[in-house]
$ cat run-v7.txt   # compact mmCIF, C-alpha atoms
# COMPACT_ATOMS: atom_id res chain seq x y z
CA MET A 1 -19.09 5.19 -6.53
CA SER A 2 -17.24 6.56 -9.55
CA ILE A 3 -14.13 5.40 -11.38
CA TYR A 4 -11.75 7.94 -12.94
CA THR A 5 -9.32 7.42 -15.81
CA ILE A 6 -5.93 8.89 -16.69
CA GLU A 7 -4.10 7.69 -19.77
CA ASN A 8 -1.54 8.43 -22.44
CA GLN A 9 -0.27 6.64 -25.55
CA SER A 10 1.38 3.91 -23.48
CA VAL A 11 -0.87 3.08 -20.52
CA LEU A 12 -4.33 3.38 -19.03
CA VAL A 13 -4.89 3.83 -15.27
CA GLN A 14 -8.25 3.78 -13.48
CA ILE A 15 -8.86 4.81 -9.86
CA SER A 16 -12.03 4.07 -7.90
CA GLU A 17 -13.53 6.35 -5.25
CA GLN A 18 -14.10 3.19 -3.21
CA ALA A 19 -10.92 2.92 -1.07
CA SER A 20 -9.12 5.07 -3.68
CA GLU A 21 -7.82 1.84 -5.17
CA ILE A 22 -6.12 1.43 -8.54
CA HIS A 23 -8.49 -0.79 -10.52
CA HIS A 24 -6.41 -0.91 -13.69
CA PHE A 25 -2.84 -0.24 -14.74
CA GLN A 26 -2.83 -1.58 -18.26
CA SER A 27 -0.32 -1.41 -21.09
CA LYS A 28 -1.90 -0.17 -24.32
CA GLU A 29 1.06 -1.61 -26.23
CA THR A 30 0.64 -5.22 -25.06
CA GLY A 31 -2.81 -5.27 -23.46
CA LEU A 32 -1.28 -6.65 -20.26
CA GLU A 33 -3.05 -5.82 -16.99
CA TYR A 34 -0.52 -5.34 -14.19
CA MET A 35 -2.82 -4.80 -11.20
CA TRP A 36 -4.41 -7.68 -9.32
CA GLN A 37 -8.18 -7.61 -9.83
CA GLY A 38 -9.26 -8.78 -6.38
CA ASP A 39 -10.56 -12.33 -6.75
CA PRO A 40 -12.25 -13.30 -3.43
CA LYS A 41 -11.22 -16.92 -4.06
CA TYR A 42 -7.74 -15.81 -2.97
CA TRP A 43 -7.82 -12.22 -1.72
CA SER A 44 -10.49 -9.64 -2.51
CA GLY A 45 -8.16 -6.66 -1.92
CA ARG A 46 -6.35 -4.87 -4.73
CA ASN A 47 -4.00 -2.17 -3.43
CA PRO A 48 -5.39 -0.73 -0.20
CA THR A 49 -4.01 2.24 1.71
CA LEU A 50 -3.22 1.12 5.26
CA PHE A 51 -4.42 3.91 7.54
CA PRO A 52 -4.51 4.50 10.47
CA MET A 53 -3.13 1.02 11.15
CA VAL A 54 -0.82 -1.48 9.46
CA GLY A 55 -1.94 -5.02 10.20
CA LYS A 56 -3.54 -5.44 13.61
CA SER A 57 -2.69 -5.73 17.26
CA TRP A 58 -2.15 -9.17 18.80
CA SER A 59 -5.41 -8.90 20.77
CA GLY A 60 -7.42 -7.24 18.01
CA VAL A 61 -8.04 -4.23 20.28
CA LEU A 62 -6.19 -0.90 20.13
CA THR A 63 -5.77 1.29 23.19
CA ILE A 64 -5.95 4.92 22.03
CA GLN A 65 -5.98 7.73 24.60
CA LYS A 66 -6.35 5.00 27.23
CA LYS A 67 -9.62 3.78 25.69
CA PRO A 68 -10.20 0.50 23.78
CA TYR A 69 -11.06 0.67 20.07
CA THR A 70 -11.75 -2.09 17.57
CA MET A 71 -10.46 -1.53 14.05
CA GLY A 72 -10.38 -3.93 11.11
CA ASN A 73 -7.14 -5.37 9.77
CA HIS A 74 -5.05 -2.62 8.13
CA GLY A 75 -7.35 0.17 9.30
CA PHE A 76 -10.49 1.66 7.77
CA ALA A 77 -9.22 3.58 4.70
CA ARG A 78 -9.33 0.33 2.73
CA ASN A 79 -13.12 0.17 3.22
CA SER A 80 -13.89 3.89 2.99
CA LEU A 81 -15.43 5.97 0.23
CA PHE A 82 -13.05 8.71 -0.93
CA HIS A 83 -14.11 11.74 -2.97
CA CYS A 84 -12.44 12.92 -6.15
CA VAL A 85 -11.51 16.61 -5.83
CA HIS A 86 -9.46 16.90 -9.03
CA HIS A 87 -9.32 15.02 -12.33
CA ASP A 88 -7.60 15.88 -15.58
CA GLU A 89 -5.83 13.84 -18.29
CA LYS A 90 -2.71 13.26 -16.17
CA ARG A 91 -3.77 13.62 -12.53
CA ILE A 92 -6.39 12.40 -10.05
CA VAL A 93 -6.72 13.58 -6.44
CA MET A 94 -8.81 11.65 -3.90
CA VAL A 95 -9.67 12.76 -0.35
CA LEU A 96 -10.93 11.02 2.79
CA GLU A 97 -11.94 12.97 5.91
CA ASP A 98 -13.00 11.88 9.36
CA SER A 99 -16.66 11.11 10.03
CA GLU A 100 -18.93 9.68 12.69
CA GLU A 101 -18.02 6.22 11.39
CA THR A 102 -14.25 6.77 11.67
CA TRP A 103 -14.58 8.29 15.18
CA LYS A 104 -15.90 4.92 16.40
CA GLN A 105 -12.52 3.41 15.46
CA TYR A 106 -10.07 6.33 15.70
CA PRO A 107 -10.82 9.44 17.81
CA TYR A 108 -9.11 12.05 15.64
CA HIS A 109 -9.98 14.61 12.97
CA PHE A 110 -7.89 14.19 9.81
CA ARG A 111 -7.71 14.74 6.08
CA LEU A 112 -6.04 12.09 3.90
CA MET A 113 -5.28 13.14 0.33
CA ILE A 114 -3.95 10.77 -2.36
CA GLU A 115 -2.63 12.26 -5.59
CA TYR A 116 -2.01 10.08 -8.67
CA THR A 117 0.13 11.53 -11.49
CA LEU A 118 0.86 9.63 -14.71
CA THR A 119 4.04 10.29 -16.70
CA GLY A 120 4.90 7.84 -19.47
CA LYS A 121 4.66 4.35 -17.99
CA LYS A 122 5.16 5.55 -14.42
CA LEU A 123 2.49 6.38 -11.85
CA GLU A 124 3.53 8.58 -8.91
CA ILE A 125 1.33 8.28 -5.84
CA ASN A 126 1.67 11.03 -3.23
CA TYR A 127 0.04 11.06 0.20
CA THR A 128 -0.72 14.04 2.43
CA ILE A 129 -2.15 13.60 5.93
CA GLU A 130 -3.37 16.66 7.79
CA ASN A 131 -3.83 16.90 11.57
CA LYS A 132 -7.06 18.82 12.24
CA ASN A 133 -6.98 18.37 16.03
CA LYS A 134 -5.89 20.47 18.96
CA GLY A 135 -2.81 18.51 19.93
CA THR A 136 -0.72 15.71 18.45
CA MET A 137 -2.31 13.09 16.19
CA PRO A 138 -0.72 9.62 16.17
CA PHE A 139 -1.22 7.29 13.21
CA HIS A 140 0.24 4.28 11.44
CA PHE A 141 0.62 4.09 7.67
CA GLY A 142 1.49 1.67 4.91
CA LEU A 143 0.67 0.48 1.40
CA HIS A 144 -0.40 -2.88 -0.01
CA PRO A 145 -0.33 -2.91 -3.85
CA ALA A 146 -0.86 -6.32 -5.48
CA PHE A 147 0.32 -7.20 -8.99
CA ASN A 148 -0.70 -9.93 -11.38
CA CYS A 149 1.92 -12.68 -11.39
CA PRO A 150 2.12 -14.33 -13.81
CA LEU A 151 1.06 -11.68 -16.30
CA GLN A 152 0.09 -14.01 -19.13
CA GLU A 153 -1.64 -17.36 -19.51
CA GLY A 154 0.80 -20.22 -19.93
CA GLU A 155 3.38 -18.63 -17.63
CA ASN A 156 4.33 -19.91 -14.19
CA GLN A 157 4.80 -17.68 -11.15
CA GLN A 158 8.12 -19.38 -10.42
CA GLU A 159 9.47 -17.93 -13.69
CA TYR A 160 9.34 -14.54 -11.95
CA ARG A 161 11.49 -13.09 -9.20
CA ILE A 162 11.89 -9.83 -7.32
CA GLU A 163 15.04 -7.91 -8.18
CA LEU A 164 16.39 -5.38 -5.67
CA GLU A 165 18.44 -2.25 -6.20
CA CYS A 166 20.99 -3.35 -3.58
CA PRO A 167 21.89 -6.65 -1.90
CA GLU A 168 19.69 -7.13 1.16
CA LYS A 169 19.73 -9.64 4.01
CA ILE A 170 17.18 -12.30 3.12
CA HIS A 171 16.90 -15.34 5.37
CA GLY A 172 20.29 -14.45 6.82
CA ASN A 173 22.10 -14.12 3.48
CA LEU A 174 22.85 -11.11 1.29
CA SER A 175 21.07 -11.28 -2.05
CA SER A 176 20.00 -8.86 -4.77
CA HIS A 177 16.91 -10.89 -5.64
CA ILE A 178 14.07 -12.77 -3.96
CA THR A 179 12.84 -16.12 -5.25
CA LEU A 180 9.06 -16.45 -5.30
CA ASP A 181 8.77 -19.38 -2.92
CA PRO A 182 5.01 -19.75 -2.29
CA LEU A 183 5.44 -20.90 1.32
CA GLU A 184 7.78 -18.01 2.19
CA LEU A 185 5.49 -15.51 0.46
CA ARG A 186 2.51 -16.80 2.42
CA LYS A 187 4.41 -16.21 5.68
CA THR A 188 5.49 -12.74 4.33
CA ILE A 189 9.08 -11.81 3.50
CA ILE A 190 10.04 -8.55 5.24
CA LEU A 191 13.04 -6.27 4.76
CA GLU A 192 13.78 -3.91 7.65
CA ASN A 193 15.53 -0.61 6.89
CA PRO A 194 16.30 -1.64 3.29
CA LYS A 195 19.03 0.10 1.33
CA SER A 196 17.14 -0.54 -1.89
CA THR A 197 14.87 2.27 -3.06
CA TRP A 198 12.98 0.01 -5.47
CA SER A 199 11.82 -3.58 -6.02
CA LYS A 200 11.18 -5.02 -9.47
CA LEU A 201 8.87 -8.00 -10.12
CA THR A 202 10.00 -9.50 -13.42
CA ASN A 203 10.41 -12.59 -15.57
CA GLY A 204 13.00 -10.90 -17.78
CA LYS A 205 10.42 -9.96 -20.43
CA HIS A 206 8.06 -7.66 -18.54
CA PHE A 207 8.26 -5.97 -15.17
CA VAL A 208 6.52 -3.86 -12.57
CA LYS A 209 8.88 -1.68 -10.55
CA VAL A 210 7.81 -0.22 -7.20
CA GLY A 211 9.74 2.81 -5.92
CA HIS A 212 9.73 2.85 -2.11
CA GLU A 213 12.54 5.14 -0.94
CA GLY A 214 12.39 6.05 2.74
CA TYR A 215 10.11 3.29 4.01
CA PRO A 216 11.48 1.46 7.09
CA TRP A 217 9.87 -1.86 6.12
CA ILE A 218 9.14 -3.52 2.77
CA ALA A 219 6.99 -6.64 2.78
CA TYR A 220 6.43 -9.20 0.00
CA TRP A 221 3.34 -11.38 0.29
CA SER A 222 1.10 -13.70 -1.64
CA LYS A 223 -1.53 -16.24 -0.70
CA GLU A 224 -0.38 -19.09 -2.98
CA ALA A 225 -2.28 -17.18 -5.64
CA PRO A 226 -1.57 -15.50 -9.02
CA PHE A 227 -0.47 -12.20 -7.50
CA VAL A 228 2.45 -10.77 -5.53
CA CYS A 229 2.24 -7.80 -3.17
CA ILE A 230 5.10 -5.34 -2.71
CA GLU A 231 4.20 -3.41 0.44
CA PRO A 232 6.02 -0.31 1.72
CA TRP A 233 5.29 0.24 5.43
CA TYR A 234 6.01 2.92 7.99
CA SER A 235 4.90 0.57 10.79
CA HIS A 236 3.89 -3.07 11.03
CA THR A 237 1.50 -5.65 12.43
CA ASP A 238 2.29 -7.48 15.67
CA PHE A 239 4.77 -10.26 14.96
CA THR A 240 4.64 -11.51 18.57
CA GLU A 241 2.38 -10.95 21.55
CA ILE A 242 2.87 -7.41 22.81
CA HIS A 243 0.66 -5.02 24.75
CA LEU A 244 1.45 -1.41 23.86
CA ASP A 245 -0.78 1.61 23.55
CA TYR A 246 -1.45 2.69 19.98
CA GLU A 247 0.77 5.75 20.39
CA GLU A 248 3.75 3.65 21.55
CA ARG A 249 3.67 0.96 18.88
CA GLU A 250 6.78 0.72 16.70
CA GLY A 251 6.61 3.03 13.69
CA CYS A 252 3.86 5.27 15.04
CA ILE A 253 3.96 8.72 13.41
CA LYS A 254 3.07 11.58 15.75
CA LEU A 255 1.91 14.58 13.78
CA GLU A 256 1.92 17.94 15.53
CA GLU A 257 -1.11 20.24 15.67
CA ASN A 258 -1.78 22.17 12.43
CA SER A 259 0.86 20.09 10.60
CA VAL A 260 0.84 17.91 7.50
CA TRP A 261 2.79 14.74 6.70
CA HIS A 262 3.85 13.61 3.24
CA CYS A 263 5.11 10.41 1.67
CA SER A 264 5.05 8.82 -1.77
CA TYR A 265 5.76 5.73 -3.82
CA SER A 266 5.67 4.89 -7.51
CA ILE A 267 4.67 2.10 -9.88
CA GLU A 268 6.35 1.71 -13.28
CA ILE A 269 5.60 -0.97 -15.86
CA ASP A 270 7.10 -2.40 -19.03

$ encode --input "run-v7.txt" --output "structure tokens"
Amino acid sequence: MSIYTIENQSVLVQISEQASEIHHFQSKETGLEYMWQGDPKYWSGRNPTLFPMVGKSWSGVLTIQKKPYTMGNHGFARNSLFHCVHHDEKRIVMVLEDSEETWKQYPYHFRLMIEYTLTGKKLEINYTIENKNKGTMPFHFGLHPAFNCPLQEGENQQEYRIELECPEKIHGNLSSHITLDPLELRKTIILENPKSTWSKLTNGKHFVKVGHEGYPWIAYWSKEAPFVCIEPWYSHTDFTEIHLDYEEREGCIKLEENSVWHCSYSIEID
């Protein structure tokens, strides 16, 4: 497993081939580390790519092409070894392709490419998924980046909040910010069809801003721990008991033969 670095005068970013996760997004000006480092005491994840499933089914089994499959929570990309196919001072490209191991969980041929581009203090992350099958390929997709909160020793998480581009309906009321209530974050706060194209985690001194235009769901989660996740989703876990085939689950993307699908999000710090 290798780790690749892109950097400029302002920030340093490191990406691991394991799960294509961002291991560091650090300010060179302040020394602050913005990415959660994956402490198993709370949550060992960092910022997994959720493919080909977001969350899990109520039963834990997925019916794909009328056959039962067992897949871990949030799919297998989060536990897979990617391969770096391009690396220069501003850009890293990681690729995951189907294998005998993925076929046990998901009976399709695919190519998942993740491209990281650093400009100033902003990291653009672009995704390309290619259907390599004869026929339509269904999949589910989402993101799960976690950020250190608080950023510095001596700070309290409750000094932070999430600011939104537009007022959104939160617990039945319109608001342009979300208070970091630990109990609500543990249950997960979810915006459906948000108008906001970004969410900013800030204490008024520093911030991390996640650009998520076009995503039908945005989730905010923490485990009563020193991190907060801002998660753009194209589909979602089962909130109640339902029994639907994989292809019919809400948010399923159905990619035509010989086609590619694109999406992106961004992370900006200060």

$ residues_around --input "run-v7.txt" --residues "A:Trp233" --least-positions-apart "6" --cutoff "8 Å" --atoms "all atoms listed in the file" --output "number ranges by chain"
A: 54, 141-143, 215-219

$ residues_around --input "run-v7.txt" --residues "stretch 83-99 of chain A" --least-positions-apart "3" --cutoff "10 Å" --atoms "only C-alpha atoms" --output "MDAnalysis selection string"
chainID A and resid 1:8 13:21 77 80 102:104 106:120 123:130 132

$ residues_around --input "run-v7.txt" --residues "A:Ile170" --least-positions-apart "4" --cutoff "12 Å" --atoms "all atoms listed in the file" --output "count of residues only"
19

$ residues_around --input "run-v7.txt" --residues "stretch 42-45 of chain A" --least-positions-apart "4" --cutoff "8 Å" --atoms "all atoms listed in the file" --output "PyMOL selection string"
chain A and resi 37-38+223+225

$ atom_distance --input "run-v7.txt" --atom1 "atom CA of A:Pro150" --atom2 "atom CA of A:Thr49"
23.5 Å

$ atom_distance --input "run-v7.txt" --atom1 "atom CA of A:Lys28" --atom2 "atom CA of A:Gln9"
7.1 Å

$ closest_residue --input "run-v7.txt" --among "A:Ile64, A:Val210, A:Met137, A:Ala146" --to "A:Glu257" --atoms "only C-alpha atoms"
A:Met137

$ closest_atom_pairs --input "run-v7.txt" --of "stretch 27-129 of chain A" --to "stretch 238-254 of chain A" --cutoff "6 Å" --atoms "only C-alpha atoms" --output "tab-separated table"
residue	atom	partner	partner_atom	distance
A:Ser57	CA	A:Asp238	CA	5.5
A:Trp58	CA	A:Glu241	CA	5.6
A:Leu62	CA	A:Tyr246	CA	5.9
A:Thr63	CA	A:Asp245	CA	5.0
A:Ile64	CA	A:Tyr246	CA	5.4

$ atom_distance --input "run-v7.txt" --atom1 "atom CA of A:Lys195" --atom2 "atom CA of A:Glu224"
27.6 Å

$ closest_residue --input "run-v7.txt" --among "A:Lys122, A:Gly204, A:Pro52, A:Lys66" --to "A:Gln105" --atoms "only C-alpha atoms"
A:Pro52
